[in-house]
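Novice: Below you'll find the structure I mean.
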Amino acid sequence: AHIFQEGLRIPPVRFARDGSIQEDVFHLILTNCQVPAERRADFRAQLAANRLATSRYTELAGRYGRATMTATAAALLDYTERRTRAAIAEVPDGTYTFRDSFDCPELDDELQLRLKVTVAGDELHFDFAGNPGQVRASVNMVWTALYATVYYAVKTLVDPDIPSNAGLHRPIRIDAPPGSIVNCVEPAAVNGRTETCQRVVDLVHGALASAVPERVTAAANGANTGVHFSGLDSGTGKYFVYLETIGGGSGARAAKDGLDGVQVHVTNTSNLPVESLESEYPLVVEAYELVEDSGGAGRHRGGMGIRRTIRVEESDVQFWLDTSRQTSRPWGLFGGRPGSSARVELSDGARPVVHGHTVLQPGDRVSIVTAGAGGYGAPAERSPQEVRRDIREQVISP
């Protein structure tokens, strides 16, 4: 696979000029979409948001002037840098390493990812040397994705309230070999890179667990589980595309259990209500539930994964799954047990989902089961009252 198979790449061009959409550019984009009416609405919503932001910023500049606006922006970056350096300085100096397994339906074999973090005073160095080369699958990371993921992970560990701007980046250095899965070069495929981004967050937390044990979490579900159903709706005569990312468990913490059935780390998508899904697509949701025993045991347990079972009501529906943690389990910390793995199950159990893709017929059911998350601390340290509550609430089986 390479990037030319992943869709239309558009270099920087004017989508709007003097407030008006360039219709020829818009038509070019929509012609390459399966459901152009939905995309038209998306683009117009984004354009409206940009117009409002431009208007508000122009009003602010008119009130305070260019010099004040420029000085304020520079001061904000410097303020963020000072807070970031002060927070990093509280982390014990040293070199910390971690390795983790990475799998996805597009890969034949499990890969081993690695990271070395050096803390020196008020600066951090992230060294991704030794990672696998870029692969013929869509899970390669571009360097901007790697940087964004590392910056996010640092923010979660040193000070979540630091403003999100470039001042955060100044005390952080990132090295990754070009041509590797975490820093690919063209024409590598990159559409599924968020699966790898999720594992990079786990690498950062795993590496720094011994340095700041009270701030890290055990491994979360480690995926951005994307489900795709597409085909022809005989009722409308039009194509449909249903795409959603399904949450899973988040890792247990030093003082709290992990969260159940949530999006974690680099995702920002929300749950699509069953009523909306079934009214828009020829699909029926037969089950949507948390998975018993999926959270890793510990003094604080890992979050639970999700099971979502969908029945297809049309012929020749294309099903595609992006996920990870199918062959490994989200690790626990300091004696905590790992969470459960992810899996996908077809109704008859006879046809495997080859490389995450298969064709479904009316009545076929697909159960997508996302991974749980790791526990924190020894399970024997969990209070009997909490264990009884877990059993009563079907978090764990008797």
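Going by the structure tokens order, chains are called A, B, ..., each with residues numbered from 1, while ligands are numbered from 1 in the order shown.
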Which of region 6-186 of chain A end up as strand (DSSP E or B) when DSSP is run on this backbone - answer as a short mmCIF file (atom, residue, chain, number, x, y, z; two decimals) with C-alpha atoms, in the first residue's frame?

Specialist:
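Dumped everything to states-v4.cif:
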data_model
loop_
_atom_site.label_atom_id
_atom_site.label_comp_id
_atom_site.auth_asym_id
_atom_site.auth_seq_id
_atom_site.Cartn_x
_atom_site.Cartn_y
_atom_site.Cartn_z
CA ALA A 16 -12.67 30.51 -0.58
CA ARG A 17 -11.84 33.92 -1.98
CA SER A 20 -17.03 33.02 -1.40
CA ILE A 21 -16.36 29.32 -1.99
CA GLY A 94 17.89 9.93 34.11
CA THR A 95 17.42 7.77 31.04
CA TYR A 96 14.28 5.66 30.84
CA THR A 97 13.38 3.02 28.24
CA PHE A 98 10.32 1.02 27.28
CA ARG A 99 9.17 -1.47 24.64
CA ASP A 100 5.69 -2.46 23.59
CA SER A 101 4.04 -4.73 21.05
CA PHE A 102 2.02 -3.34 18.16
CA LEU A 111 5.97 -5.30 15.66
CA GLN A 112 8.08 -4.21 18.62
CA LEU A 113 8.14 -0.47 19.24
CA ARG A 114 10.69 1.17 21.52
CA LEU A 115 11.54 4.50 23.12
CA LYS A 116 14.37 6.01 25.17
CA VAL A 117 13.58 9.15 27.19
CA THR A 118 16.32 11.28 28.76
CA VAL A 119 15.42 13.81 31.43
CA ALA A 120 18.14 16.42 31.97
CA GLU A 123 14.59 19.45 29.18
CA LEU A 124 13.36 16.16 27.67
CA HIS A 125 14.84 14.13 24.83
CA PHE A 126 12.80 11.42 23.10
CA ASP A 127 14.86 8.97 21.04
CA GLY A 133 11.05 0.52 9.16
CA ILE A 172 11.47 19.00 24.13
CA ARG A 173 13.70 17.35 21.51
CA ILE A 174 12.49 14.41 19.41
CA ASP A 175 14.69 12.21 17.22
CA SER A 180 10.77 4.26 10.16
CA ASN A 183 8.69 8.90 10.93
#

Novice: Any idea what's packed within 12 Å of region 31-37 of chain A, counting only C-alpha atoms, ignoring anything in its chain fewer than 6 positions away? Could you give it as number ranges by chain?

Specialist: A: 6-10, 23-25, 43-44, 230-233, 238-242

Novice: For the residues selected in the previous step, produce a file with all heavy atoms as a compact mmCIF listing (two decimals), in the first residue's frame.

Specialist:
# COMPACT_ATOMS: atom_id res chain seq x y z
N GLU A 6 -4.86 6.09 -0.97
CA GLU A 6 -5.65 6.52 0.19
C GLU A 6 -6.60 7.67 -0.10
O GLU A 6 -7.30 8.13 0.80
CB GLU A 6 -4.70 6.90 1.33
CG GLU A 6 -3.91 5.70 1.82
CD GLU A 6 -3.15 5.99 3.09
OE1 GLU A 6 -2.51 7.05 3.19
OE2 GLU A 6 -3.20 5.14 4.00
N GLY A 7 -6.64 8.15 -1.32
CA GLY A 7 -7.57 9.22 -1.62
C GLY A 7 -6.89 10.38 -2.31
O GLY A 7 -5.73 10.31 -2.73
N LEU A 8 -7.62 11.45 -2.45
CA LEU A 8 -7.15 12.64 -3.16
C LEU A 8 -6.34 13.52 -2.22
O LEU A 8 -6.80 13.91 -1.15
CB LEU A 8 -8.36 13.42 -3.68
CG LEU A 8 -8.10 14.60 -4.60
CD1 LEU A 8 -7.53 14.12 -5.92
CD2 LEU A 8 -9.39 15.38 -4.82
N ARG A 9 -5.11 13.84 -2.62
CA ARG A 9 -4.28 14.76 -1.84
C ARG A 9 -4.37 16.15 -2.48
O ARG A 9 -4.14 16.30 -3.67
CB ARG A 9 -2.83 14.29 -1.79
CG ARG A 9 -2.63 13.06 -0.93
CD ARG A 9 -1.16 12.87 -0.61
NE ARG A 9 -0.39 12.57 -1.81
CZ ARG A 9 0.94 12.61 -1.85
NH1 ARG A 9 1.65 12.94 -0.80
NH2 ARG A 9 1.57 12.31 -2.97
N ILE A 10 -4.69 17.13 -1.67
CA ILE A 10 -4.90 18.49 -2.18
C ILE A 10 -3.83 19.40 -1.59
O ILE A 10 -3.77 19.57 -0.37
CB ILE A 10 -6.30 19.00 -1.80
CG1 ILE A 10 -7.37 18.02 -2.31
CG2 ILE A 10 -6.54 20.39 -2.36
CD1 ILE A 10 -8.76 18.32 -1.81
N GLU A 23 -16.10 27.38 -6.35
CA GLU A 23 -16.96 26.25 -6.68
C GLU A 23 -16.25 25.17 -7.47
O GLU A 23 -16.57 23.98 -7.34
CB GLU A 23 -18.19 26.73 -7.44
CG GLU A 23 -19.16 27.55 -6.60
CD GLU A 23 -19.77 26.77 -5.44
OE1 GLU A 23 -19.84 25.52 -5.54
OE2 GLU A 23 -20.16 27.40 -4.44
N ASP A 24 -15.27 25.54 -8.32
CA ASP A 24 -14.57 24.51 -9.09
C ASP A 24 -13.73 23.61 -8.17
O ASP A 24 -13.70 22.39 -8.32
CB ASP A 24 -13.70 25.13 -10.19
CG ASP A 24 -12.76 26.20 -9.65
OD1 ASP A 24 -12.91 26.62 -8.49
OD2 ASP A 24 -11.86 26.62 -10.41
N VAL A 25 -13.10 24.23 -7.16
CA VAL A 25 -12.32 23.45 -6.19
C VAL A 25 -13.27 22.57 -5.36
O VAL A 25 -13.00 21.39 -5.12
CB VAL A 25 -11.51 24.38 -5.27
CG1 VAL A 25 -10.80 23.57 -4.18
CG2 VAL A 25 -10.50 25.17 -6.08
N PHE A 43 -18.10 20.86 5.05
CA PHE A 43 -17.25 21.97 4.60
C PHE A 43 -17.88 23.32 4.94
O PHE A 43 -17.19 24.25 5.36
CB PHE A 43 -17.01 21.87 3.08
CG PHE A 43 -15.83 21.02 2.72
CD1 PHE A 43 -15.98 19.71 2.31
CD2 PHE A 43 -14.55 21.54 2.79
CE1 PHE A 43 -14.89 18.92 1.98
CE2 PHE A 43 -13.44 20.77 2.46
CZ PHE A 43 -13.61 19.46 2.05
N ARG A 44 -19.18 23.44 4.73
CA ARG A 44 -19.83 24.72 5.01
C ARG A 44 -19.79 25.04 6.50
O ARG A 44 -19.66 26.21 6.89
CB ARG A 44 -21.27 24.69 4.49
CG ARG A 44 -21.35 24.67 2.96
CD ARG A 44 -22.77 24.92 2.47
NE ARG A 44 -22.84 24.91 1.02
CZ ARG A 44 -22.50 25.94 0.24
NH1 ARG A 44 -22.06 27.07 0.78
NH2 ARG A 44 -22.60 25.84 -1.07
N SER A 230 -20.16 0.16 4.50
CA SER A 230 -20.57 0.95 3.34
C SER A 230 -21.24 0.05 2.31
O SER A 230 -20.97 -1.15 2.24
CB SER A 230 -19.37 1.66 2.70
OG SER A 230 -18.43 0.72 2.20
N GLY A 231 -22.11 0.65 1.53
CA GLY A 231 -22.82 -0.11 0.50
C GLY A 231 -23.93 0.74 -0.09
O GLY A 231 -23.98 1.96 0.07
N LEU A 232 -24.85 0.07 -0.78
CA LEU A 232 -25.98 0.73 -1.43
C LEU A 232 -27.24 0.51 -0.61
O LEU A 232 -27.60 -0.63 -0.32
CB LEU A 232 -26.17 0.19 -2.85
CG LEU A 232 -27.27 0.86 -3.67
CD1 LEU A 232 -26.92 2.32 -3.95
CD2 LEU A 232 -27.48 0.09 -4.97
N ASP A 233 -27.90 1.60 -0.24
CA ASP A 233 -29.16 1.54 0.50
C ASP A 233 -30.29 1.41 -0.52
O ASP A 233 -30.58 2.36 -1.26
CB ASP A 233 -29.33 2.80 1.33
CG ASP A 233 -30.54 2.73 2.27
OD1 ASP A 233 -31.47 1.96 1.99
OD2 ASP A 233 -30.54 3.46 3.28
N LYS A 238 -29.14 5.26 -2.77
CA LYS A 238 -27.89 6.00 -2.64
C LYS A 238 -26.88 5.19 -1.82
O LYS A 238 -27.24 4.31 -1.05
CB LYS A 238 -28.13 7.35 -1.95
CG LYS A 238 -29.04 8.29 -2.74
CD LYS A 238 -29.24 9.59 -1.97
CE LYS A 238 -30.14 10.54 -2.73
NZ LYS A 238 -30.35 11.81 -1.99
N TYR A 239 -25.60 5.54 -2.02
CA TYR A 239 -24.56 4.93 -1.21
C TYR A 239 -24.63 5.45 0.22
O TYR A 239 -25.05 6.58 0.47
CB TYR A 239 -23.17 5.24 -1.79
CG TYR A 239 -22.84 4.45 -3.02
CD1 TYR A 239 -22.90 5.04 -4.28
CD2 TYR A 239 -22.49 3.10 -2.94
CE1 TYR A 239 -22.60 4.32 -5.43
CE2 TYR A 239 -22.20 2.36 -4.07
CZ TYR A 239 -22.25 2.98 -5.31
OH TYR A 239 -21.96 2.27 -6.44
N PHE A 240 -24.24 4.60 1.16
CA PHE A 240 -24.11 5.03 2.54
C PHE A 240 -22.73 4.65 3.04
O PHE A 240 -22.13 3.67 2.59
CB PHE A 240 -25.19 4.41 3.43
CG PHE A 240 -25.01 2.94 3.70
CD1 PHE A 240 -24.29 2.50 4.81
CD2 PHE A 240 -25.56 1.99 2.85
CE1 PHE A 240 -24.12 1.14 5.06
CE2 PHE A 240 -25.40 0.63 3.10
CZ PHE A 240 -24.67 0.21 4.21
N VAL A 241 -22.22 5.43 3.95
CA VAL A 241 -20.96 5.14 4.62
C VAL A 241 -21.14 5.42 6.10
O VAL A 241 -21.40 6.57 6.50
CB VAL A 241 -19.80 6.00 4.07
CG1 VAL A 241 -18.51 5.69 4.85
CG2 VAL A 241 -19.60 5.77 2.59
N TYR A 242 -21.06 4.38 6.91
CA TYR A 242 -21.10 4.54 8.36
C TYR A 242 -19.71 4.27 8.90
O TYR A 242 -19.15 3.19 8.73
CB TYR A 242 -22.11 3.57 8.99
CG TYR A 242 -21.90 3.32 10.47
CD1 TYR A 242 -21.89 4.37 11.39
CD2 TYR A 242 -21.70 2.03 10.96
CE1 TYR A 242 -21.68 4.15 12.74
CE2 TYR A 242 -21.50 1.80 12.32
CZ TYR A 242 -21.49 2.86 13.20
OH TYR A 242 -21.28 2.64 14.54

Novice: Please identify all polymer residues within 12 Å of Gly19 (chain A), counting only C-alpha atoms, omitting same-chain residues fewer than 3 positions from it, and present them as a list in words.

Specialist: Arg14, Phe15, Ala16, Gln22, Arg44, Leu47, Ala48, Asn50, Arg51, Leu52, Thr54 and Ser55 of chain A

Novice: Can you check which residues of region 249-332 of chain A DSSP gives as alpha helix (DSSP H) on the backbone and send them as a list in words?

Specialist: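 So the alpha helix (DSSP H) residues in region 249-332 of chain A would be Val274, Glu275, Ser276, Leu277, Glu278, Ser279 and Glu280 of chain A.
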
Novice: Residues within 12 Å of Asp109 (chain A), please, as number ranges by chain. Count only C-alpha atoms; anything in the same chain fewer than 5 positions from it doesn't count.

Specialist: A: 101-104, 132, 135, 137, 326-328, 355

Novice: Just want the 12 Å neighbourhood of Ile368 (chain A), counted on only C-alpha atoms, with same-chain residues fewer than 3 positions away dropped. Output as a PyMOL selection string.

Specialist: chain A and resi 225-228+244-248+285-291+305-311+319-324+326+341-347+353+356+365+371

Novice: Measuring between only C-alpha atoms, which one of A:Thr84, A:Asn131, A:Ser210, A:Thr149 shows the shortest distance to His169 (chain A)?

Specialist: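 Among the listed residues, A:Thr84 lies closest to His169 (chain A).
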
Novice: Which polymer residues have any atom within 7 Å of an atom of Ala153 (chain A), counting only C-alpha atoms, with same-chain residues fewer than 4 positions away left out, as an MDAnalysis selection string?

Specialist: chainID A and resid 149 157 201 204

Novice: From the options A:Pro362, A:Gly336, A:Pro398, A:Gly258, which residue's atoms come nearest to Pro379 (chain A), counting only C-alpha atoms?

Specialist: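 Checking each of A:Pro362, A:Gly336, A:Pro398, A:Gly258 against Pro379 (chain A), counting only C-alpha atoms, the winner is A:Gly336.
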
Novice: Let me make sure I understand: among A:Leu277, A:Ala254, A:Val262, A:Leu272, which one has the smallest atom-to-atom distance to Tyr376 (chain A) if we use only C-alpha atoms?

Specialist: A:Ala254

Novice: Between CA of Glu292 (chain A) and CA of Val395 (chain A), what is the spacing in Å?

Specialist: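 Distance reported for this atom pair: 5.0 Å.
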
Novice: CA of Thr358 (chain A) and CA of Glu314 (chain A), how far apart in Å?

Specialist: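 Between CA of Glu314 (chain A) and CA of Thr358 (chain A) the gap is 14.1 Å.
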